[in-house]
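With PDB, C-alpha atoms and all ligand atoms inside, this is input-v9.pdb:
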```
ATOM      1  CA  MET A 187      76.994  57.438 -29.326  1.00  0.00           C
ATOM      2  CA  LEU A 188      78.981  58.291 -32.449  1.00  0.00           C
ATOM      3  CA  THR A 189      78.156  61.533 -34.262  1.00  0.00           C
ATOM      4  CA  LEU A 190      79.002  61.934 -37.944  1.00  0.00           C
ATOM      5  CA  TYR A 191      79.211  65.400 -39.462  1.00  0.00           C
ATOM      6  CA  ASP A 192      77.996  64.599 -42.900  1.00  0.00           C
ATOM      7  CA  HIS A 193      76.910  65.725 -46.343  1.00  0.00           C
ATOM      8  CA  PRO A 194      74.775  63.295 -48.376  1.00  0.00           C
ATOM      9  CA  ARG A 195      76.507  64.017 -51.731  1.00  0.00           C
ATOM     10  CA  SER A 196      80.061  63.715 -50.395  1.00  0.00           C
ATOM     11  CA  GLY A 197      81.983  60.597 -51.412  1.00  0.00           C
ATOM     12  CA  ASN A 198      84.272  61.073 -48.425  1.00  0.00           C
ATOM     13  CA  CYS A 199      81.277  61.003 -46.079  1.00  0.00           C
ATOM     14  CA  TYR A 200      79.884  58.001 -47.951  1.00  0.00           C
ATOM     15  CA  LYS A 201      83.027  55.990 -47.112  1.00  0.00           C
ATOM     16  CA  VAL A 202      82.267  56.488 -43.416  1.00  0.00           C
ATOM     17  CA  ARG A 203      78.502  55.825 -43.702  1.00  0.00           C
ATOM     18  CA  LEU A 204      79.226  52.648 -45.666  1.00  0.00           C
ATOM     19  CA  PHE A 205      81.784  51.402 -43.156  1.00  0.00           C
ATOM     20  CA  LEU A 206      79.518  52.140 -40.176  1.00  0.00           C
ATOM     21  CA  ALA A 207      76.765  50.145 -41.913  1.00  0.00           C
ATOM     22  CA  LEU A 208      79.110  47.241 -42.710  1.00  0.00           C
ATOM     23  CA  ILE A 209      80.288  46.999 -39.095  1.00  0.00           C
ATOM     24  CA  GLY A 210      76.772  47.524 -37.713  1.00  0.00           C
ATOM     25  CA  LYS A 211      77.547  50.594 -35.646  1.00  0.00           C
ATOM     26  CA  ASP A 212      74.776  53.048 -34.731  1.00  0.00           C
ATOM     27  CA  TYR A 213      75.433  56.752 -35.074  1.00  0.00           C
ATOM     28  CA  GLN A 214      73.683  60.057 -35.417  1.00  0.00           C
ATOM     29  CA  ARG A 215      74.158  62.298 -38.431  1.00  0.00           C
ATOM     30  CA  ILE A 216      74.557  66.051 -38.399  1.00  0.00           C
ATOM     31  CA  PHE A 217      74.105  67.626 -41.813  1.00  0.00           C
ATOM     32  CA  VAL A 218      76.767  70.230 -42.588  1.00  0.00           C
ATOM     33  CA  ASP A 219      75.828  72.141 -45.721  1.00  0.00           C
ATOM     34  CA  VAL A 220      79.321  72.600 -47.160  1.00  0.00           C
ATOM     35  CA  LEU A 221      77.927  73.673 -50.536  1.00  0.00           C
ATOM     36  CA  ALA A 222      76.237  76.597 -48.766  1.00  0.00           C
ATOM     37  CA  ARG A 223      79.528  77.219 -46.836  1.00  0.00           C
ATOM     38  CA  LYS A 224      77.852  76.409 -43.507  1.00  0.00           C
ATOM     39  CA  ASN A 225      81.061  74.597 -42.488  1.00  0.00           C
ATOM     40  CA  GLN A 226      83.007  77.837 -42.205  1.00  0.00           C
ATOM     41  CA  THR A 227      82.397  78.412 -38.507  1.00  0.00           C
ATOM     42  CA  ALA A 228      84.739  78.523 -35.525  1.00  0.00           C
ATOM     43  CA  GLU A 229      82.503  75.949 -33.813  1.00  0.00           C
ATOM     44  CA  PHE A 230      82.974  73.398 -36.616  1.00  0.00           C
ATOM     45  CA  GLU A 231      86.702  74.162 -36.810  1.00  0.00           C
ATOM     46  CA  ARG A 232      87.029  72.947 -33.218  1.00  0.00           C
ATOM     47  CA  ILE A 233      85.886  69.513 -34.444  1.00  0.00           C
ATOM     48  CA  SER A 234      87.375  69.484 -37.942  1.00  0.00           C
ATOM     49  CA  ALA A 235      90.661  71.397 -38.368  1.00  0.00           C
ATOM     50  CA  PHE A 236      90.084  72.101 -42.098  1.00  0.00           C
ATOM     51  CA  GLN A 237      86.324  72.654 -41.571  1.00  0.00           C
ATOM     52  CA  GLN A 238      85.645  69.686 -43.854  1.00  0.00           C
ATOM     53  CA  VAL A 239      83.264  66.768 -43.682  1.00  0.00           C
ATOM     54  CA  PRO A 240      83.385  63.978 -42.742  1.00  0.00           C
ATOM     55  CA  ALA A 241      84.210  64.442 -39.080  1.00  0.00           C
ATOM     56  CA  LEU A 242      83.291  62.100 -36.270  1.00  0.00           C
ATOM     57  CA  THR A 243      82.962  62.493 -32.551  1.00  0.00           C
ATOM     58  CA  ASP A 244      83.363  59.329 -30.533  1.00  0.00           C
ATOM     59  CA  GLY A 245      82.891  60.026 -26.846  1.00  0.00           C
ATOM     60  CA  GLY A 246      85.401  62.762 -26.080  1.00  0.00           C
ATOM     61  CA  THR A 247      87.439  62.232 -29.258  1.00  0.00           C
ATOM     62  CA  ASP A 248      87.069  64.267 -32.449  1.00  0.00           C
ATOM     63  CA  ILE A 249      88.422  62.734 -35.660  1.00  0.00           C
ATOM     64  CA  TRP A 250      88.454  64.371 -39.072  1.00  0.00           C
ATOM     65  CA  ASP A 251      89.444  62.999 -42.497  1.00  0.00           C
ATOM     66  CA  SER A 252      87.647  59.984 -43.955  1.00  0.00           C
ATOM     67  CA  HIS A 253      90.765  57.791 -43.817  1.00  0.00           C
ATOM     68  CA  ALA A 254      91.580  58.658 -40.216  1.00  0.00           C
ATOM     69  CA  ILE A 255      87.950  57.918 -39.329  1.00  0.00           C
ATOM     70  CA  LEU A 256      87.982  54.529 -41.105  1.00  0.00           C
ATOM     71  CA  LEU A 257      91.170  53.557 -39.262  1.00  0.00           C
ATOM     72  CA  HIS A 258      89.832  54.818 -35.927  1.00  0.00           C
ATOM     73  CA  LEU A 259      86.626  52.807 -36.326  1.00  0.00           C
ATOM     74  CA  ALA A 260      88.465  49.659 -37.416  1.00  0.00           C
ATOM     75  CA  HIS A 261      90.978  49.859 -34.560  1.00  0.00           C
ATOM     76  CA  HIS A 262      88.252  50.435 -31.968  1.00  0.00           C
ATOM     77  CA  TYR A 263      85.341  48.343 -33.200  1.00  0.00           C
ATOM     78  CA  ALA A 264      86.213  46.151 -36.175  1.00  0.00           C
ATOM     79  CA  PRO A 265      89.864  44.977 -36.213  1.00  0.00           C
ATOM     80  CA  GLY A 266      88.999  42.317 -38.782  1.00  0.00           C
ATOM     81  CA  TRP A 267      88.945  45.154 -41.339  1.00  0.00           C
ATOM     82  CA  LEU A 268      92.670  45.841 -40.785  1.00  0.00           C
ATOM     83  CA  ALA A 269      95.158  43.911 -42.904  1.00  0.00           C
ATOM     84  CA  PRO A 270      97.408  41.535 -40.976  1.00  0.00           C
ATOM     85  CA  LEU A 271     101.110  42.318 -40.846  1.00  0.00           C
ATOM     86  CA  PRO A 272     102.388  41.066 -44.177  1.00  0.00           C
ATOM     87  CA  GLN A 273      99.767  43.193 -45.953  1.00  0.00           C
ATOM     88  CA  THR A 274      99.666  46.199 -43.576  1.00  0.00           C
ATOM     89  CA  GLY A 275     101.902  48.237 -45.883  1.00  0.00           C
ATOM     90  CA  ALA A 276      99.723  47.476 -48.917  1.00  0.00           C
ATOM     91  CA  MET A 277      96.616  48.514 -46.983  1.00  0.00           C
ATOM     92  CA  HIS A 278      98.185  51.865 -46.106  1.00  0.00           C
ATOM     93  CA  ALA A 279      99.481  52.343 -49.650  1.00  0.00           C
ATOM     94  CA  TRP A 280      95.942  51.974 -51.061  1.00  0.00           C
ATOM     95  CA  ILE A 281      94.523  54.285 -48.383  1.00  0.00           C
ATOM     96  CA  SER A 282      97.150  56.750 -49.569  1.00  0.00           C
ATOM     97  CA  VAL A 283      95.985  56.245 -53.171  1.00  0.00           C
ATOM     98  CA  SER A 284      92.516  57.266 -52.017  1.00  0.00           C
ATOM     99  CA  ALA A 285      93.843  60.322 -50.142  1.00  0.00           C
ATOM    100  CA  ASN A 286      96.148  61.455 -52.937  1.00  0.00           C
ATOM    101  CA  GLU A 287      95.652  60.004 -56.418  1.00  0.00           C
ATOM    102  CA  ILE A 288      91.851  59.636 -56.233  1.00  0.00           C
ATOM    103  CA  ALA A 289      91.366  62.831 -54.219  1.00  0.00           C
ATOM    104  CA  ASN A 290      93.250  64.732 -56.942  1.00  0.00           C
ATOM    105  CA  SER A 291      91.560  63.156 -59.944  1.00  0.00           C
ATOM    106  CA  LEU A 292      88.231  61.354 -59.781  1.00  0.00           C
ATOM    107  CA  GLN A 293      86.976  63.321 -56.762  1.00  0.00           C
ATOM    108  CA  PRO A 294      87.363  66.793 -58.353  1.00  0.00           C
ATOM    109  CA  LEU A 295      86.384  65.480 -61.810  1.00  0.00           C
ATOM    110  CA  ARG A 296      83.099  64.240 -60.374  1.00  0.00           C
ATOM    111  CA  LEU A 297      82.632  67.588 -58.600  1.00  0.00           C
ATOM    112  CA  THR A 298      82.814  69.399 -61.952  1.00  0.00           C
ATOM    113  CA  HIS A 299      79.935  67.197 -63.143  1.00  0.00           C
ATOM    114  CA  VAL A 300      77.657  67.585 -60.123  1.00  0.00           C
ATOM    115  CA  VAL A 301      78.007  71.312 -59.399  1.00  0.00           C
ATOM    116  CA  SER A 302      78.675  74.302 -61.678  1.00  0.00           C
ATOM    117  CA  HIS A 303      82.249  74.948 -62.801  1.00  0.00           C
ATOM    118  CA  ALA A 304      82.238  78.174 -60.781  1.00  0.00           C
ATOM    119  CA  GLU A 305      81.195  76.268 -57.671  1.00  0.00           C
ATOM    120  CA  ALA A 306      83.717  73.470 -58.306  1.00  0.00           C
ATOM    121  CA  ALA A 307      86.520  76.029 -58.761  1.00  0.00           C
ATOM    122  CA  HIS A 308      85.572  77.680 -55.471  1.00  0.00           C
ATOM    123  CA  HIS A 309      85.712  74.379 -53.592  1.00  0.00           C
ATOM    124  CA  LEU A 310      89.016  73.432 -55.224  1.00  0.00           C
ATOM    125  CA  GLY A 311      90.500  76.806 -54.363  1.00  0.00           C
ATOM    126  CA  VAL A 312      91.320  77.878 -57.944  1.00  0.00           C
ATOM    127  CA  SER A 313      89.866  80.408 -60.352  1.00  0.00           C
ATOM    128  CA  GLU A 314      87.399  78.976 -62.860  1.00  0.00           C
ATOM    129  CA  ALA A 315      89.902  79.705 -65.671  1.00  0.00           C
ATOM    130  CA  LEU A 316      92.424  77.404 -63.965  1.00  0.00           C
ATOM    131  CA  LEU A 317      90.016  74.482 -63.549  1.00  0.00           C
ATOM    132  CA  ASP A 318      92.052  71.805 -65.321  1.00  0.00           C
ATOM    133  CA  ILE A 319      89.381  69.289 -66.324  1.00  0.00           C
ATOM    134  CA  PRO A 320      91.528  67.522 -68.987  1.00  0.00           C
ATOM    135  CA  GLY A 321      94.257  67.079 -66.353  1.00  0.00           C
ATOM    136  CA  MET A 322      91.722  65.602 -63.902  1.00  0.00           C
ATOM    137  CA  GLN A 323      90.531  63.232 -66.637  1.00  0.00           C
ATOM    138  CA  THR A 324      94.090  62.089 -67.429  1.00  0.00           C
ATOM    139  CA  ARG A 325      94.877  61.498 -63.751  1.00  0.00           C
ATOM    140  CA  THR A 326      91.566  59.667 -63.276  1.00  0.00           C
ATOM    141  CA  ASP A 327      92.290  57.322 -66.192  1.00  0.00           C
ATOM    142  CA  ARG A 328      95.745  56.663 -64.746  1.00  0.00           C
ATOM    143  CA  VAL A 329      94.583  55.788 -61.227  1.00  0.00           C
ATOM    144  CA  LEU A 330      91.688  53.655 -62.476  1.00  0.00           C
ATOM    145  CA  HIS A 331      94.053  51.805 -64.812  1.00  0.00           C
ATOM    146  CA  ARG A 332      96.398  51.068 -61.867  1.00  0.00           C
ATOM    147  CA  MET A 333      93.529  49.933 -59.650  1.00  0.00           C
ATOM    148  CA  ASP A 334      92.167  47.726 -62.415  1.00  0.00           C
ATOM    149  CA  LYS A 335      95.565  46.061 -62.849  1.00  0.00           C
ATOM    150  CA  ARG A 336      95.792  45.416 -59.108  1.00  0.00           C
ATOM    151  CA  LEU A 337      92.261  44.024 -58.881  1.00  0.00           C
ATOM    152  CA  ALA A 338      92.787  41.764 -61.892  1.00  0.00           C
ATOM    153  CA  THR A 339      95.104  39.641 -59.718  1.00  0.00           C
ATOM    154  CA  SER A 340      93.796  40.349 -56.204  1.00  0.00           C
ATOM    155  CA  ARG A 341      90.211  40.201 -54.920  1.00  0.00           C
ATOM    156  CA  TRP A 342      90.873  43.007 -52.426  1.00  0.00           C
ATOM    157  CA  LEU A 343      93.275  45.915 -52.751  1.00  0.00           C
ATOM    158  CA  ALA A 344      95.575  45.008 -49.844  1.00  0.00           C
ATOM    159  CA  GLY A 345      96.014  41.467 -51.161  1.00  0.00           C
ATOM    160  CA  THR A 346      94.094  40.006 -48.217  1.00  0.00           C
ATOM    161  CA  ASP A 347      91.457  37.249 -48.265  1.00  0.00           C
ATOM    162  CA  ALA A 348      88.864  39.670 -46.849  1.00  0.00           C
ATOM    163  CA  PRO A 349      88.159  43.331 -47.589  1.00  0.00           C
ATOM    164  CA  THR A 350      89.990  45.967 -45.543  1.00  0.00           C
ATOM    165  CA  VAL A 351      89.434  49.660 -44.882  1.00  0.00           C
ATOM    166  CA  ALA A 352      91.597  50.314 -47.987  1.00  0.00           C
ATOM    167  CA  ASP A 353      88.790  48.883 -50.140  1.00  0.00           C
ATOM    168  CA  ILE A 354      86.231  51.136 -48.453  1.00  0.00           C
ATOM    169  CA  ALA A 355      88.522  54.164 -48.852  1.00  0.00           C
ATOM    170  CA  CYS A 356      88.969  53.623 -52.605  1.00  0.00           C
ATOM    171  CA  TYR A 357      85.360  52.536 -53.127  1.00  0.00           C
ATOM    172  CA  GLY A 358      83.945  55.874 -51.902  1.00  0.00           C
ATOM    173  CA  TYR A 359      84.587  57.618 -55.214  1.00  0.00           C
ATOM    174  CA  ALA A 360      84.852  54.475 -57.393  1.00  0.00           C
ATOM    175  CA  ALA A 361      81.174  53.948 -56.502  1.00  0.00           C
ATOM    176  CA  LEU A 362      80.418  57.378 -57.976  1.00  0.00           C
ATOM    177  CA  ALA A 363      82.448  56.969 -61.183  1.00  0.00           C
ATOM    178  CA  GLU A 364      79.351  57.190 -63.396  1.00  0.00           C
ATOM    179  CA  GLU A 365      78.699  60.677 -61.956  1.00  0.00           C
ATOM    180  CA  ALA A 366      82.067  61.656 -63.443  1.00  0.00           C
ATOM    181  CA  ALA A 367      81.000  60.207 -66.829  1.00  0.00           C
ATOM    182  CA  ILE A 368      83.394  57.253 -66.469  1.00  0.00           C
ATOM    183  CA  ASP A 369      82.403  54.082 -68.336  1.00  0.00           C
ATOM    184  CA  ILE A 370      83.296  51.474 -65.705  1.00  0.00           C
ATOM    185  CA  ALA A 371      83.045  48.678 -68.316  1.00  0.00           C
ATOM    186  CA  THR A 372      86.463  49.971 -69.471  1.00  0.00           C
ATOM    187  CA  TYR A 373      87.793  48.706 -66.130  1.00  0.00           C
ATOM    188  CA  PRO A 374      86.393  45.156 -65.775  1.00  0.00           C
ATOM    189  CA  ALA A 375      88.332  44.246 -62.613  1.00  0.00           C
ATOM    190  CA  ILE A 376      87.086  47.418 -60.857  1.00  0.00           C
ATOM    191  CA  ALA A 377      83.541  46.615 -62.004  1.00  0.00           C
ATOM    192  CA  ALA A 378      83.795  43.090 -60.500  1.00  0.00           C
ATOM    193  CA  TRP A 379      85.317  44.451 -57.253  1.00  0.00           C
ATOM    194  CA  ARG A 380      82.535  47.039 -56.951  1.00  0.00           C
ATOM    195  CA  GLU A 381      80.049  44.174 -57.279  1.00  0.00           C
ATOM    196  CA  ARG A 382      81.842  42.186 -54.529  1.00  0.00           C
ATOM    197  CA  ILE A 383      81.578  45.205 -52.222  1.00  0.00           C
ATOM    198  CA  ARG A 384      77.859  45.602 -53.035  1.00  0.00           C
ATOM    199  CA  GLN A 385      77.327  41.977 -51.945  1.00  0.00           C
ATOM    200  CA  LEU A 386      78.831  42.512 -48.458  1.00  0.00           C
ATOM    201  CA  PRO A 387      76.293  42.124 -45.618  1.00  0.00           C
ATOM    202  CA  GLY A 388      75.081  45.532 -44.421  1.00  0.00           C
ATOM    203  CA  TYR A 389      76.053  47.318 -47.655  1.00  0.00           C
ATOM    204  CA  VAL A 390      74.371  50.673 -48.251  1.00  0.00           C
ATOM    205  CA  PRO A 391      74.499  52.526 -51.578  1.00  0.00           C
ATOM    206  CA  PRO A 392      75.725  56.115 -51.999  1.00  0.00           C
ATOM    207  CA  GLY A 393      73.212  58.895 -51.615  1.00  0.00           C
ATOM    208  CA  PRO A 394      71.023  60.235 -48.868  1.00  0.00           C
TER
HETATM  209  N1  LIG B   1      90.969  64.540 -46.723  1.00  0.00           N
HETATM  210  C1  LIG B   1      89.580  64.738 -46.430  1.00  0.00           C
HETATM  211  C2  LIG B   1      88.920  65.559 -47.510  1.00  0.00           C
HETATM  212  C3  LIG B   1      87.503  65.933 -47.121  1.00  0.00           C
HETATM  213  C4  LIG B   1      86.812  66.794 -48.142  1.00  0.00           C
HETATM  214  O1  LIG B   1      87.337  67.055 -49.228  1.00  0.00           O
HETATM  215  N2  LIG B   1      85.602  67.220 -47.769  1.00  0.00           N
HETATM  216  C5  LIG B   1      84.813  68.067 -48.626  1.00  0.00           C
HETATM  217  C6  LIG B   1      83.496  67.364 -48.983  1.00  0.00           C
HETATM  218  S1  LIG B   1      83.778  65.863 -49.878  1.00  0.00           S
HETATM  219  C7  LIG B   1      84.464  69.330 -47.852  1.00  0.00           C
HETATM  220  O2  LIG B   1      84.142  69.291 -46.688  1.00  0.00           O
HETATM  221  N3  LIG B   1      84.545  70.477 -48.555  1.00  0.00           N
HETATM  222  C8  LIG B   1      84.183  71.743 -48.012  1.00  0.00           C
HETATM  223  C9  LIG B   1      85.339  72.677 -47.847  1.00  0.00           C
HETATM  224  O3  LIG B   1      86.503  72.273 -48.067  1.00  0.00           O
HETATM  225  O4  LIG B   1      85.067  73.815 -47.499  1.00  0.00           O
HETATM  226  C10 LIG B   1      88.877  63.381 -46.271  1.00  0.00           C
HETATM  227  O5  LIG B   1      89.346  62.380 -46.857  1.00  0.00           O
HETATM  228  O6  LIG B   1      87.884  63.299 -45.544  1.00  0.00           O
END
```

Would you mind giving the structure from this file in structure tokens?
Amino acid sequence: MLTLYDHPRSGNCYKVRLFLALIGKDYQRIFVDVLARKNQTAEFERISAFQQVPALTDGGTDIWDSHAILLHLAHHYAPGWLAPLPQTGAMHAWISVSANEIANSLQPLRLTHVVSHAEAAHHLGVSEALLDIPGMQTRTDRVLHRMDKRLATSRWLAGTDAPTVADIACYGYAALAEEAAIDIATYPAIAAWRERIRQLPGYVPPGP
């Protein structure tokens, strides 16, 4: 049985819950209350090196980081979600966009909207005075603009005929854009891609 260490409001955890639903894999959830700092234990650190959710145990293997988990699950249970060779590089590039550009823009921007600024600053490891919300907004606009351009000419991010784990990686926070006060109508190709993902069999929405 797979065990997911999870928080219902986390977009990173949502990526994993969505993918498990899409591939029809059963799992049990363990709620880790990161907002109440319940992740900061030696026991959880043995599973997740940075004490972050999501983390997954699969038999005797512990995997942490949403992208590592998506790739682990696809390699083990759903290889159809991996891009074939000509597009493998593009798939990894868009996973990297999720782990870097989105994780440093839309993800923290949304955090500043859903928890207090003091709480957001704590989780981002900066003082509240250094919480650069305009910078997050600029970086968010930039990454969404790039994604929109890509999706205007390609149904799926890796350029494949079918969705790959790169789409699920980038969708995790794109699905929550409204919580960051983003008007998705400004990005019509992202809006259409989000709708294609919502139509996939087994789709589950964000949230508990
Ligand atoms: N690179 C990681 C980032 C995970 C992450 O940022 N997790 C947040 C919740 S969304 C967390 O556990 N924060 C609590 C903390 O850092 O103490 C991933 O993609 O899974």

task = Can you tell me which residues come within 6 Å of ligand LIG 1 (chain B) when counting all atoms listed in the file, ideally as a list in words?
result = Ser196, Gly197, Asn198, Val220, Gln238, Val239, Pro240, Asp251, Ser252, His253, Ala285 and His309 of chain A

Mind writing the picked residues with C-alpha atoms as a tab-separated table (two decimals), in the frame of the given file?
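Output file out-v5.tsv follows:
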```tsv
chain	number	residue	atom	x	y	z
A	196	SER	CA	80.06	63.72	-50.40
A	197	GLY	CA	81.98	60.60	-51.41
A	198	ASN	CA	84.27	61.07	-48.42
A	220	VAL	CA	79.32	72.60	-47.16
A	238	GLN	CA	85.64	69.69	-43.85
A	239	VAL	CA	83.26	66.77	-43.68
A	240	PRO	CA	83.38	63.98	-42.74
A	251	ASP	CA	89.44	63.00	-42.50
A	252	SER	CA	87.65	59.98	-43.96
A	253	HIS	CA	90.76	57.79	-43.82
A	285	ALA	CA	93.84	60.32	-50.14
A	309	HIS	CA	85.71	74.38	-53.59
```

request  = Apply the PyMOL selection byres (((chain A and resi 374) around 12) and not hetatm) to the structure shown and report the selected residues as a list in words.
outcome  =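 Listing what the PyMOL selection byres (((chain A and resi 374) around 12) and not hetatm) selects in the shown file: Leu330, His331, Met333, Asp334, Lys335, Arg336, Leu337, Ala338, Thr339, Asp369, Ile370, Ala371, Thr372, Tyr373, Ala375, Ile376, Ala377, Ala378, Trp379, Arg380 and Glu381 of chain A.
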
Would you save the residues from that selection as a CSV table (one decimal), in the coordinates of the input, using C-alpha atoms?
```
chain,number,residue,atom,x,y,z
A,330,LEU,CA,91.7,53.7,-62.5
A,331,HIS,CA,94.1,51.8,-64.8
A,333,MET,CA,93.5,49.9,-59.6
A,334,ASP,CA,92.2,47.7,-62.4
A,335,LYS,CA,95.6,46.1,-62.8
A,336,ARG,CA,95.8,45.4,-59.1
A,337,LEU,CA,92.3,44.0,-58.9
A,338,ALA,CA,92.8,41.8,-61.9
A,339,THR,CA,95.1,39.6,-59.7
A,369,ASP,CA,82.4,54.1,-68.3
A,370,ILE,CA,83.3,51.5,-65.7
A,371,ALA,CA,83.0,48.7,-68.3
A,372,THR,CA,86.5,50.0,-69.5
A,373,TYR,CA,87.8,48.7,-66.1
A,375,ALA,CA,88.3,44.2,-62.6
A,376,ILE,CA,87.1,47.4,-60.9
A,377,ALA,CA,83.5,46.6,-62.0
A,378,ALA,CA,83.8,43.1,-60.5
A,379,TRP,CA,85.3,44.5,-57.3
A,380,ARG,CA,82.5,47.0,-57.0
A,381,GLU,CA,80.0,44.2,-57.3
```

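Checking A:Leu310, A:Leu221, A:Ile319, A:Ile249 one by one against A:His193, counting all atoms listed in the file, you find the shortest gap at A:Leu221.
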
Adding 4 Å on each side of the box along x, y and z that holds all listed atoms of stretch 367-384 of chain A, could you give its centre and edge lengths in Å to one decimal, as AutoDock Vina command-line options?
```
--center_x 83.1 --center_y 51.2 --center_z -60.8 --size_x 18.5 --size_y 26.0 --size_z 25.2
```

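Put simply, atom CA of A:His262 is 20.6 Å away from atom CA of A:Leu386.
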
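Proximity ranking of A:Phe217, A:Trp267, A:Trp342, A:Tyr359 relative to A:Gln293 places A:Tyr359 first, based on only C-alpha atoms.
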
key: Near-A:Pro392 list (10 Å; all atoms listed in the file; drop same-chain fewer than 2 positions) as JSON, numbers by chain   = {"A": [194, 195, 196, 197, 199, 200, 201, 203, 204, 358, 359, 361, 362, 389, 390, 394]}

request  = Do a neighbour search on A:Leu268 at 10 Å with all atoms listed in the file, toss out local chain neighbours closer than 5 positions, and write the hits as a count of residues only.
outcome  = 15

query = For A:Ala222, which of A:His308, A:Ile354, A:Ser313, A:Pro387 is the closest residue, counting all atoms listed in the file?
reply =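 Among the listed residues, the smallest separation from A:Ala222 belongs to A:His308.
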
key: Neighbours of point (89.3, 67.3, -63.9) within 9 Å, using only C-alpha atoms, written as a PyMOL selection string   = chain A and resi 290-298+317-326

File dump, residues just selected, C-alpha atoms, as a PDB file, keeping the file's coordinate frame:
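Wrote it out as out36.pdb, contents follow:
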```
ATOM      1  CA  ASN A 290      93.250  64.732 -56.942  1.00  0.00           C
ATOM      2  CA  SER A 291      91.560  63.156 -59.944  1.00  0.00           C
ATOM      3  CA  LEU A 292      88.231  61.354 -59.781  1.00  0.00           C
ATOM      4  CA  GLN A 293      86.976  63.321 -56.762  1.00  0.00           C
ATOM      5  CA  PRO A 294      87.363  66.793 -58.353  1.00  0.00           C
ATOM      6  CA  LEU A 295      86.384  65.480 -61.810  1.00  0.00           C
ATOM      7  CA  ARG A 296      83.099  64.240 -60.374  1.00  0.00           C
ATOM      8  CA  LEU A 297      82.632  67.588 -58.600  1.00  0.00           C
ATOM      9  CA  THR A 298      82.814  69.399 -61.952  1.00  0.00           C
ATOM     10  CA  LEU A 317      90.016  74.482 -63.549  1.00  0.00           C
ATOM     11  CA  ASP A 318      92.052  71.805 -65.321  1.00  0.00           C
ATOM     12  CA  ILE A 319      89.381  69.289 -66.324  1.00  0.00           C
ATOM     13  CA  PRO A 320      91.528  67.522 -68.987  1.00  0.00           C
ATOM     14  CA  GLY A 321      94.257  67.079 -66.353  1.00  0.00           C
ATOM     15  CA  MET A 322      91.722  65.602 -63.902  1.00  0.00           C
ATOM     16  CA  GLN A 323      90.531  63.232 -66.637  1.00  0.00           C
ATOM     17  CA  THR A 324      94.090  62.089 -67.429  1.00  0.00           C
ATOM     18  CA  ARG A 325      94.877  61.498 -63.751  1.00  0.00           C
ATOM     19  CA  THR A 326      91.566  59.667 -63.276  1.00  0.00           C
TER      20      THR A 326
END
```

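Computed from the coordinates, the atom CA of A:Ala360 to atom CA of A:Val301 distance equals 18.3 Å.
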